[in-house]
$ cat structure-v3.txt   # compact mmCIF, C-alpha atoms and all ligand atoms
# COMPACT_ATOMS: atom_id res chain seq x y z
CA MET A 26 89.79 90.66 60.07
CA ILE A 27 92.80 89.29 62.04
CA ALA A 28 92.90 90.56 65.63
CA PRO A 29 94.19 89.47 69.05
CA GLY A 30 91.81 87.41 71.17
CA LEU A 31 91.55 85.63 74.48
CA ARG A 32 90.63 81.92 74.36
CA VAL A 33 88.61 80.93 77.45
CA PRO A 34 86.51 77.89 78.43
CA ARG A 35 82.83 78.51 77.60
CA THR A 36 81.93 78.02 81.27
CA ARG A 37 83.97 81.14 82.12
CA GLY A 38 83.12 83.14 79.01
CA GLU A 39 80.50 85.43 80.57
CA GLU A 40 82.68 86.27 83.57
CA VAL A 41 85.77 87.08 81.50
CA ARG A 42 83.68 89.04 78.97
CA HIS A 43 82.36 91.22 81.80
CA GLY A 44 85.86 91.81 83.18
CA LEU A 45 87.24 92.78 79.78
CA LEU A 46 84.24 95.01 79.02
CA GLY A 47 84.61 97.07 82.19
CA SER A 48 88.36 97.53 81.71
CA GLY A 49 87.99 98.57 78.07
CA LEU A 50 89.85 95.47 76.77
CA LEU A 51 86.96 93.88 74.83
CA ARG A 52 86.42 94.85 71.19
CA ALA A 53 82.71 95.43 70.77
CA ASP A 54 82.91 95.71 66.98
CA LEU A 55 84.02 92.08 66.46
CA GLU A 56 82.01 88.89 67.05
CA ILE A 57 82.99 86.38 69.73
CA LEU A 58 84.18 83.09 68.16
CA ARG A 59 83.07 79.64 69.26
CA GLU A 60 85.66 76.83 69.15
CA GLY A 61 84.17 73.64 70.69
CA ASP A 62 84.19 74.11 74.46
CA TYR A 63 86.04 77.43 74.14
CA LEU A 64 85.19 81.00 73.23
CA VAL A 65 87.63 83.50 71.75
CA LEU A 66 86.94 87.05 72.91
CA PRO A 67 88.27 89.80 70.61
CA LEU A 68 90.70 92.11 72.41
CA THR A 69 91.65 95.72 71.94
CA GLU A 70 95.40 96.25 71.63
CA GLY A 71 95.53 96.18 75.44
CA PRO A 72 98.36 94.88 77.59
CA ALA A 73 100.13 91.81 76.21
CA ASP A 74 100.57 90.28 79.66
CA LEU A 75 97.09 89.15 80.63
CA PRO A 76 97.46 86.46 83.33
CA SER A 77 97.33 82.87 82.15
CA ALA A 78 94.38 82.19 84.47
CA TRP A 79 92.26 84.50 82.27
CA GLY A 80 92.80 82.43 79.17
CA GLN A 81 95.21 81.95 76.33
CA ARG A 82 96.17 84.92 74.16
CA VAL A 83 95.73 84.04 70.47
CA GLU A 84 95.24 85.65 67.06
CA ARG A 85 92.14 84.84 65.01
CA GLU A 86 90.10 85.91 62.04
CA PHE A 87 87.01 87.68 63.49
CA ARG A 88 83.81 88.81 61.78
CA GLU A 89 82.53 92.31 62.31
CA VAL A 90 79.39 92.65 64.46
CA PRO A 91 76.38 93.71 62.36
CA ARG A 92 75.46 97.15 63.69
CA LYS A 93 72.39 97.03 65.98
CA GLY A 94 72.46 98.96 69.23
CA PRO A 95 74.89 101.74 70.18
CA GLU A 96 78.54 100.85 70.76
CA ARG A 97 78.97 103.37 73.56
CA TYR A 98 76.69 104.14 76.51
CA ARG A 99 77.05 107.81 75.62
CA ASP A 100 75.15 107.17 72.40
CA LEU A 101 72.06 106.28 74.43
CA LEU A 102 71.90 109.90 75.60
CA GLY A 103 70.18 112.45 73.41
CA TRP A 104 72.88 115.01 74.19
CA PRO A 105 74.80 117.10 71.67
CA GLU A 106 78.00 115.34 70.52
CA ALA A 107 80.28 117.89 72.23
CA GLU A 108 78.63 117.26 75.61
CA LYS A 109 78.79 113.49 75.23
CA GLU A 110 82.53 113.79 74.63
CA ARG A 111 82.93 115.19 78.15
CA LEU A 112 81.65 111.94 79.68
CA PRO A 113 84.16 109.29 80.78
CA ARG A 114 84.73 106.43 78.33
CA SER A 115 85.26 103.84 81.03
CA PHE A 116 83.33 102.69 84.08
CA ASP A 117 83.64 99.80 86.52
CA VAL A 118 81.37 96.78 86.68
CA VAL A 119 81.21 95.06 90.08
CA GLY A 120 78.80 92.14 89.85
CA GLU A 121 75.42 93.69 88.97
CA ILE A 122 76.60 97.17 89.94
CA VAL A 123 78.02 99.79 87.59
CA LEU A 124 80.23 102.54 89.07
CA ILE A 125 81.09 105.71 87.24
CA ARG A 126 82.95 108.91 88.11
CA LEU A 127 81.58 112.19 86.80
CA ALA A 128 83.13 115.65 86.65
CA PRO A 129 81.30 118.04 89.04
CA GLU A 130 79.75 120.01 86.17
CA LEU A 131 78.04 116.85 84.86
CA GLU A 132 76.57 115.76 88.19
CA SER A 133 73.27 117.60 87.63
CA ARG A 134 72.64 115.16 84.77
CA LYS A 135 73.73 112.05 86.66
CA SER A 136 70.29 110.35 86.41
CA ASP A 137 70.45 110.42 82.58
CA VAL A 138 73.91 108.89 82.68
CA GLY A 139 72.79 106.25 85.19
CA GLU A 140 69.78 105.23 83.08
CA ALA A 141 71.97 105.00 79.96
CA LEU A 142 74.46 102.71 81.77
CA LEU A 143 71.64 100.58 83.16
CA ARG A 144 70.43 99.96 79.59
CA PHE A 145 73.93 99.55 78.14
CA VAL A 146 75.59 97.06 80.54
CA PRO A 147 74.09 93.56 80.29
CA GLY A 148 72.83 92.34 83.67
CA ALA A 149 73.22 95.73 85.41
CA ARG A 150 70.85 96.26 88.36
CA LEU A 151 72.18 99.40 90.03
CA VAL A 152 74.35 102.34 88.94
CA GLY A 153 76.38 104.30 91.49
CA LEU A 154 78.21 107.57 91.25
CA ASP A 155 81.70 106.78 92.51
CA ARG A 156 83.16 109.56 94.66
CA GLY A 157 86.37 107.65 95.40
CA VAL A 158 87.68 105.77 98.42
CA GLU A 159 88.68 107.34 101.72
CA GLY A 160 89.71 106.58 105.29
CA THR A 161 91.77 103.74 106.72
CA ASP A 162 89.32 101.11 105.53
CA ARG A 163 89.41 102.57 101.99
CA LEU A 164 85.59 102.70 101.85
CA ARG A 165 84.02 103.86 98.62
CA ARG A 166 81.59 106.77 98.78
CA VAL A 167 78.80 105.89 96.38
CA GLU A 168 75.50 107.49 95.46
CA ARG A 169 72.73 105.59 93.70
CA ILE A 170 71.90 107.30 90.39
CA ALA A 171 69.81 104.59 88.70
CA GLY A 172 68.40 101.14 89.41
CA GLU A 173 67.64 99.50 92.70
CA GLY A 174 68.59 96.98 95.37
CA PRO A 175 71.46 96.63 97.82
CA TRP A 176 75.14 97.47 97.31
CA ARG A 177 75.97 93.88 98.06
CA THR A 178 76.57 91.70 95.03
CA ARG A 179 78.62 88.76 93.76
CA HIS A 180 81.47 89.69 91.46
CA ARG A 181 82.99 87.18 89.05
CA GLU A 182 86.69 87.18 88.41
CA ASN A 183 89.32 84.51 87.80
CA GLY A 184 86.77 81.72 88.03
CA LEU A 185 85.49 82.89 91.42
CA GLU A 186 82.29 84.51 92.63
CA LEU A 187 83.37 86.97 95.31
CA GLU A 188 81.00 88.36 97.93
CA VAL A 189 81.33 92.13 97.67
CA ASP A 190 79.61 95.08 99.31
CA VAL A 191 80.57 98.22 97.48
CA GLU A 192 79.76 100.40 100.52
CA THR A 193 81.19 98.50 103.48
CA ALA A 194 84.47 97.00 102.23
CA TYR A 195 87.05 97.92 99.59
CA PHE A 196 86.90 96.16 96.27
CA SER A 197 88.15 97.11 92.80
CA PRO A 198 87.54 95.09 89.64
CA ARG A 199 90.68 96.66 88.16
CA LEU A 200 92.96 94.39 90.20
CA ALA A 201 91.76 91.07 88.74
CA ARG A 202 94.88 90.70 86.62
CA GLU A 203 97.11 91.24 89.66
CA HIS A 204 95.19 88.69 91.72
CA ALA A 205 95.76 86.12 88.96
CA ARG A 206 99.40 87.14 88.39
CA VAL A 207 100.35 86.55 92.03
CA ALA A 208 98.33 83.31 92.24
CA ASP A 209 100.19 82.02 89.14
CA GLU A 210 103.50 82.31 91.03
CA VAL A 211 102.58 80.52 94.25
CA ARG A 212 103.93 76.96 94.44
CA SER A 213 102.73 73.88 96.35
CA GLY A 214 103.63 73.84 100.01
CA GLU A 215 104.26 77.56 100.30
CA SER A 216 102.78 79.80 102.97
CA VAL A 217 101.32 83.19 102.08
CA TYR A 218 100.39 86.34 103.98
CA ASP A 219 97.73 88.45 102.26
CA LEU A 220 98.05 91.71 104.20
CA CYS A 221 95.28 94.29 103.85
CA CYS A 222 93.31 91.57 102.10
CA GLY A 223 89.95 93.36 101.77
CA VAL A 224 87.30 90.81 100.73
CA GLY A 225 90.16 88.39 99.97
CA PRO A 226 90.55 88.21 96.17
CA PHE A 227 94.32 87.48 96.35
CA SER A 228 93.79 84.73 98.96
CA LEU A 229 90.85 83.16 97.16
CA THR A 230 92.55 83.22 93.75
CA ILE A 231 95.62 81.54 95.26
CA ALA A 232 93.51 78.96 97.08
CA ARG A 233 91.58 78.21 93.89
CA THR A 234 94.73 77.12 92.01
CA GLY A 235 94.44 73.83 93.88
CA ARG A 236 98.12 73.85 94.90
CA PRO A 237 98.33 73.06 98.61
CA THR A 238 99.12 76.31 100.38
CA ARG A 239 98.51 77.93 103.73
CA ILE A 240 97.16 81.44 103.38
CA THR A 241 96.67 83.95 106.19
CA ALA A 242 94.46 86.88 105.19
CA VAL A 243 94.56 89.97 107.44
CA ASP A 244 92.42 93.10 107.34
CA ALA A 245 91.45 95.71 109.93
CA ASN A 246 87.91 96.07 108.55
CA PRO A 247 85.67 93.36 110.10
CA GLU A 248 83.11 93.82 107.31
CA ALA A 249 85.74 92.88 104.73
CA ILE A 250 86.68 89.75 106.69
CA ALA A 251 82.98 88.81 107.04
CA LEU A 252 82.59 89.02 103.23
CA LEU A 253 85.73 86.91 102.76
CA ARG A 254 84.33 84.30 105.15
CA ALA A 255 81.05 84.28 103.21
CA THR A 256 82.91 83.54 99.96
CA MET A 257 85.13 80.92 101.63
CA ALA A 258 82.03 79.10 102.90
CA ARG A 259 80.94 78.46 99.29
CA TYR A 260 84.18 76.77 98.19
CA ALA A 261 85.93 73.67 99.59
CA PHE A 262 89.32 75.30 98.88
CA GLY A 263 88.29 78.10 101.25
CA GLU A 264 89.65 75.90 104.05
CA ARG A 265 93.19 76.83 103.01
CA ILE A 266 92.60 80.41 104.18
CA THR A 267 92.79 81.66 107.76
CA PRO A 268 91.09 85.07 107.92
CA ILE A 269 92.13 87.42 110.72
CA SER A 270 90.31 90.64 111.53
CA THR A 271 93.03 92.84 112.99
CA PRO A 272 95.35 95.71 112.00
CA ILE A 273 98.58 94.39 110.49
CA GLU A 274 100.58 96.29 113.12
CA GLN A 275 99.17 93.78 115.65
CA PHE A 276 99.65 90.76 113.41
CA LEU A 277 103.23 91.39 112.23
CA PRO A 278 105.27 91.20 115.49
CA GLU A 279 104.32 87.54 116.05
CA ALA A 280 104.34 86.52 112.38
CA ALA A 281 106.79 83.80 111.26
CA ALA A 282 108.61 84.18 107.92
CA VAL A 283 106.80 82.84 104.83
CA GLU A 284 107.53 82.40 101.11
CA ARG A 285 105.02 84.96 99.74
CA VAL A 286 103.73 88.19 101.20
CA VAL A 287 101.21 90.54 99.56
CA LEU A 288 100.93 94.11 100.83
CA ASN A 289 98.19 96.04 99.03
CA LEU A 290 97.69 99.35 100.83
CA PRO A 291 98.85 101.67 98.06
CA LEU A 292 98.86 105.07 99.80
CA GLU A 293 100.03 104.14 103.29
CA GLY A 294 101.72 100.76 102.87
CA ILE A 295 105.18 102.32 102.77
CA LYS A 296 105.08 102.93 106.52
CA TYR A 297 104.63 99.19 107.12
CA LEU A 298 107.03 98.00 104.42
CA PRO A 299 110.11 97.28 106.63
CA SER A 300 108.11 95.31 109.22
CA VAL A 301 106.27 93.48 106.44
CA ALA A 302 109.54 92.70 104.62
CA ARG A 303 110.84 91.00 107.79
CA THR A 304 108.16 88.34 107.29
CA ALA A 305 109.51 87.34 103.83
CA ALA A 306 111.77 84.27 104.14
CA PRO A 307 115.10 84.23 102.23
CA GLY A 308 114.21 83.30 98.64
CA GLY A 309 110.68 84.54 99.26
CA ARG A 310 108.79 87.25 97.39
CA LEU A 311 106.99 90.37 98.52
CA TYR A 312 104.28 91.81 96.26
CA TYR A 313 104.03 95.46 97.13
CA TYR A 314 101.62 98.01 95.63
CA GLU A 315 102.09 101.76 95.70
CA VAL A 316 100.68 104.87 94.05
CA VAL A 317 103.71 106.44 92.37
CA PRO A 318 103.90 109.88 90.68
CA ARG A 319 104.75 109.08 87.03
CA ALA A 320 107.85 111.27 87.09
CA GLU A 321 109.25 109.33 90.08
CA LEU A 322 108.72 105.82 88.75
CA PRO A 323 112.16 105.29 87.11
CA GLY A 324 114.05 105.36 90.44
CA ARG A 325 111.36 104.10 92.76
CA GLY A 326 112.35 100.41 92.75
CA VAL A 327 115.96 101.22 93.70
CA THR A 328 114.77 103.51 96.51
CA LEU A 329 112.57 100.75 97.91
CA VAL A 330 115.40 98.23 97.84
CA LYS A 331 117.76 100.68 99.61
CA SER A 332 115.16 101.44 102.27
CA LEU A 333 114.94 97.70 103.02
CA ALA A 334 118.71 97.17 103.38
CA PRO A 335 118.53 97.15 107.23
CA VAL A 336 116.02 94.28 106.97
CA GLY A 337 117.71 92.18 104.28
CA ALA A 338 118.91 91.98 100.68
CA PHE A 339 115.99 92.55 98.31
CA ALA A 340 115.88 93.04 94.53
CA VAL A 341 113.02 94.20 92.32
CA VAL A 342 112.39 91.24 90.00
CA HIS A 343 109.29 92.70 88.36
CA GLU A 344 107.63 96.09 88.18
CA ARG A 345 104.41 96.97 86.38
CA VAL A 346 101.83 99.73 86.09
CA VAL A 347 98.55 98.17 87.22
CA HIS A 348 96.35 101.11 86.19
CA PRO A 349 96.42 104.91 86.12
CA TYR A 350 95.52 106.40 89.52
CA SER A 351 95.33 110.12 88.74
CA PRO A 352 96.34 112.31 85.79
CA SER A 353 99.94 112.28 87.07
CA SER A 354 100.30 109.00 89.00
CA ASP A 355 99.87 105.24 88.57
CA LEU A 356 99.18 102.28 90.80
CA VAL A 357 102.38 100.25 90.47
CA GLY A 358 103.07 96.65 91.52
CA PHE A 359 106.61 95.78 92.65
CA THR A 360 107.72 92.18 93.10
CA LEU A 361 110.63 92.17 95.54
CA GLU A 362 112.68 89.01 96.07
CA ARG A 363 114.71 88.45 99.19
CA SER A 364 118.11 86.83 98.76
CA GLY A 365 119.40 87.12 102.30
C1 LIG A 401 93.38 98.77 98.76
S1 LIG A 401 92.48 97.77 99.86
C2 LIG A 401 93.12 96.19 99.38
C3 LIG A 401 92.08 95.15 99.09
C4 LIG A 401 92.52 93.81 98.55
N1 LIG A 401 93.90 93.48 98.81
C5 LIG A 401 92.18 93.66 97.09
O1 LIG A 401 93.05 93.29 96.29
O2 LIG A 401 91.02 93.85 96.72
C6 LIG A 401 93.26 98.09 101.37
C7 LIG A 401 92.68 97.33 102.56
O3 LIG A 401 93.55 97.57 103.67
C8 LIG A 401 92.78 97.57 104.86
N2 LIG A 401 93.61 98.25 105.88
C9 LIG A 401 93.95 99.56 105.95
N3 LIG A 401 94.80 99.78 106.98
C10 LIG A 401 95.03 98.56 107.53
C11 LIG A 401 95.85 98.11 108.61
N4 LIG A 401 96.60 98.95 109.31
N5 LIG A 401 95.82 96.79 108.93
C12 LIG A 401 95.07 95.92 108.23
N6 LIG A 401 94.28 96.29 107.19
C13 LIG A 401 94.27 97.59 106.85
C14 LIG A 401 91.49 98.25 104.47
O4 LIG A 401 90.45 97.86 105.34
C15 LIG A 401 91.30 97.73 103.03
O5 LIG A 401 90.45 96.61 103.02

$ encode --input "structure-v3.txt" --output "structure tokens" --more "lines below"
Ligand SMILES: C[S@@+](CC[C@H](N)C(=O)[O-])C[C@H]1O[C@@H](n2cnc3c(N)ncnc32)[C@H](O)[C@@H]1O
Amino acid sequence: MIAPGLRVPRTRGEEVRHGLLGSGLLRADLEILREGDYLVLPLTEGPADLPSAWGQRVEREFREVPRKGPERYRDLLGWPEAEKERLPRSFDVVGEIVLIRLAPELESRKSDVGEALLRFVPGARLVGLDRGVEGTDRLRRVERIAGEGPWRTRHRENGLELEVDVETAYFSPRLAREHARVADEVRSGESVYDLCCGVGPFSLTIARTGRPTRITAVDANPEAIALLRATMARYAFGERITPISTPIEQFLPEAAAVERVVLNLPLEGIKYLPSVARTAAPGGRLYYYEVVPRAELPGRGVTLVKSLAPVGAFAVVHERVVHPYSPSSDLVGFTLERSG
């Protein structure tokens, strides 16, 4: 059957397959195609704007997968159909770790769910119950429900292997597309601030493009900066990044203006936005992320631009929903360009 697909070099096939699987974008009922040194991964009718760094979007004739194992982790549980339907369809895969959120009434059966995920996800070593992120450092509260070993792992995205520790520093595999989108825009010779960088996926993805850039990555959590340094040490292009372990309120007053600024602190970033916007040079771009109630999204870009008027003239040149955040809100990415 004809379906959309993503054409990726074979060397990156496993990494991209994992990313698509966790975000529900990979069609499990169709076979992966081989085309010389490339693979074509069958896609669900997901977003049309996958970043170019992930691969080339194409259409192909795919064959259906002969039915063998279950298509859903829920089918590995011997539960009645109605109970299985109450389980979440999606989960996150961070390296060898699977993270899932469960409704409180299902928590007494968390071990069954964990064992099912451990069997279902290729290469999974540990399954954690994800109780969300909290505090200034946005640390994830996780509870082991199946498997073994540490919470530290290496996560593959955008051709990188990132050092991640699910417990001690923020990381979300759902931002891979954003990391690649911003990296796609950065040009040779530009300077970049990656504010609230976490383990540094924006900085590393930009550095990996090979275009000469100077990147300053700032985070208040020293554990996050230590993980970024550990990843940088494995890549020659890591030298383009200067990691700084400090709150951005201390970094910003002395910061010179640069061409690109990323601010990814979605619940609290608004309080820093004016001082961050001051560091965007005229003609430069600010990539700002915010959790926005769905009903308020239509006017939000205009409100942001107005709030920045005392700093300079900004316009929203791109706005996108990155992923749902709660039943009534989304994580939204705004690209703001400064004209004066
Ligand atoms: C949502 S995470 C962003 C992670 C990263 N940008 C990414 O794409 O994976 C927010 C990060 O902001 C950091 N943070 C929170 N308040 C901060 C502040 N005032 N100054 C610097 N970093 C801060 C946290 O430690 C956390 O790593």

$ residues_around --input "structure-v3.txt" --residues "range 224-231 of chain A" --least-positions-apart "5" --cutoff "6 Å" --atoms "all atoms listed in the file" --output "PyMOL selection string"
chain A and resi 204+208+249+252-253

$ residues_near_ligand --input "structure-v3.txt" --ligand "ligand LIG 401 (chain A)" --cutoff "10 Å" --atoms "all atoms listed in the file" --output "VMD selection string"
chain A and resid 158 to 164 189 193 to 201 203 to 204 219 to 228 242 to 250 269 to 277 287 to 294 296 to 297 314 to 315

$ residues_around --input "structure-v3.txt" --residues "Glu182 in chain A" --least-positions-apart "6" --cutoff "8 Å" --atoms "all atoms listed in the file" --output "list in words"
Glu40, Val41, Gly44 and Ala201 of chain A

$ residues_around --input "structure-v3.txt" --residues "Asp209 in chain A" --least-positions-apart "3" --cutoff "8 Å" --atoms "all atoms listed in the file" --output "ChimeraX atom specification"
/A:76-78,205-206,231,234

$ closest_residue --input "structure-v3.txt" --among "A:Glu108, A:Glu56, A:Glu344, A:Asp100" --to "Val317 in chain A" --atoms "all atoms listed in the file"
A:Glu344

$ atom_distance --input "structure-v3.txt" --atom1 "CA of Leu124 in chain A" --atom2 "CA of Tyr63 in chain A"
29.8 Å

$ atom_distance --input "structure-v3.txt" --atom1 "CA of Leu322 in chain A" --atom2 "CA of Pro335 in chain A"
22.6 Å

$ residues_near_point --input "structure-v3.txt" --point "(83.9, 88.4, 82.9)" --cutoff "12 Å" --atoms "all atoms listed in the file" --output "ChimeraX atom specification"
/A:31,33-51,66,79-80,117-121,147-148,180-186,198-199,201-202

$ write_last_selection --input "structure-v3.txt" --atoms "C-alpha atoms" --output "compact mmCIF listing (two decimals), keeping the file's coordinate frame"
# COMPACT_ATOMS: atom_id res chain seq x y z
CA LEU A 31 91.55 85.63 74.48
CA VAL A 33 88.61 80.93 77.45
CA PRO A 34 86.51 77.89 78.43
CA ARG A 35 82.83 78.51 77.60
CA THR A 36 81.93 78.02 81.27
CA ARG A 37 83.97 81.14 82.12
CA GLY A 38 83.12 83.14 79.01
CA GLU A 39 80.50 85.43 80.57
CA GLU A 40 82.68 86.27 83.57
CA VAL A 41 85.77 87.08 81.50
CA ARG A 42 83.68 89.04 78.97
CA HIS A 43 82.36 91.22 81.80
CA GLY A 44 85.86 91.81 83.18
CA LEU A 45 87.24 92.78 79.78
CA LEU A 46 84.24 95.01 79.02
CA GLY A 47 84.61 97.07 82.19
CA SER A 48 88.36 97.53 81.71
CA GLY A 49 87.99 98.57 78.07
CA LEU A 50 89.85 95.47 76.77
CA LEU A 51 86.96 93.88 74.83
CA LEU A 66 86.94 87.05 72.91
CA TRP A 79 92.26 84.50 82.27
CA GLY A 80 92.80 82.43 79.17
CA ASP A 117 83.64 99.80 86.52
CA VAL A 118 81.37 96.78 86.68
CA VAL A 119 81.21 95.06 90.08
CA GLY A 120 78.80 92.14 89.85
CA GLU A 121 75.42 93.69 88.97
CA PRO A 147 74.09 93.56 80.29
CA GLY A 148 72.83 92.34 83.67
CA HIS A 180 81.47 89.69 91.46
CA ARG A 181 82.99 87.18 89.05
CA GLU A 182 86.69 87.18 88.41
CA ASN A 183 89.32 84.51 87.80
CA GLY A 184 86.77 81.72 88.03
CA LEU A 185 85.49 82.89 91.42
CA GLU A 186 82.29 84.51 92.63
CA PRO A 198 87.54 95.09 89.64
CA ARG A 199 90.68 96.66 88.16
CA ALA A 201 91.76 91.07 88.74
CA ARG A 202 94.88 90.70 86.62

$ decode --input "structure-v3.txt" --residues "range 321-359 of chain A" --atoms "C-alpha atoms" --output "CSV table (one decimal), in the first residue's frame"
chain,number,residue,atom,x,y,z
A,321,GLU,CA,-5.5,31.4,24.8
A,322,LEU,CA,-3.2,30.3,21.9
A,323,PRO,CA,-4.8,32.5,19.1
A,324,GLY,CA,-3.7,35.8,20.7
A,325,ARG,CA,-0.6,34.7,22.6
A,326,GLY,CA,1.9,35.6,20.0
A,327,VAL,CA,0.6,39.2,19.7
A,328,THR,CA,0.7,39.5,23.5
A,329,LEU,CA,4.3,38.4,23.7
A,330,VAL,CA,5.3,40.9,21.0
A,331,LYS,CA,3.5,43.7,22.8
A,332,SER,CA,5.2,42.8,26.1
A,333,LEU,CA,8.6,43.1,24.4
A,334,ALA,CA,8.0,46.5,22.9
A,335,PRO,CA,10.0,48.3,25.6
A,336,VAL,CA,13.0,46.1,24.7
A,337,GLY,CA,12.7,46.3,20.9
A,338,ALA,CA,10.6,45.5,17.8
A,339,PHE,CA,9.9,41.8,17.6
A,340,ALA,CA,7.6,39.8,15.3
A,341,VAL,CA,6.4,36.1,15.6
A,342,VAL,CA,7.8,34.5,12.4
A,343,HIS,CA,6.8,31.0,13.4
A,344,GLU,CA,4.5,29.4,16.0
A,345,ARG,CA,3.9,25.7,16.5
A,346,VAL,CA,2.4,23.2,19.0
A,347,VAL,CA,5.3,21.0,20.1
A,348,HIS,CA,3.2,18.5,22.0
A,349,PRO,CA,0.1,18.4,24.2
A,350,TYR,CA,1.0,19.3,27.8
A,351,SER,CA,-2.3,18.6,29.6
A,352,PRO,CA,-5.9,18.0,28.5
A,353,SER,CA,-6.4,21.7,28.0
A,354,SER,CA,-2.9,23.1,27.2
A,355,ASP,CA,0.0,22.6,24.8
A,356,LEU,CA,3.7,23.2,24.8
A,357,VAL,CA,4.1,25.9,22.1
A,358,GLY,CA,7.3,27.1,20.4
A,359,PHE,CA,7.4,30.7,19.3
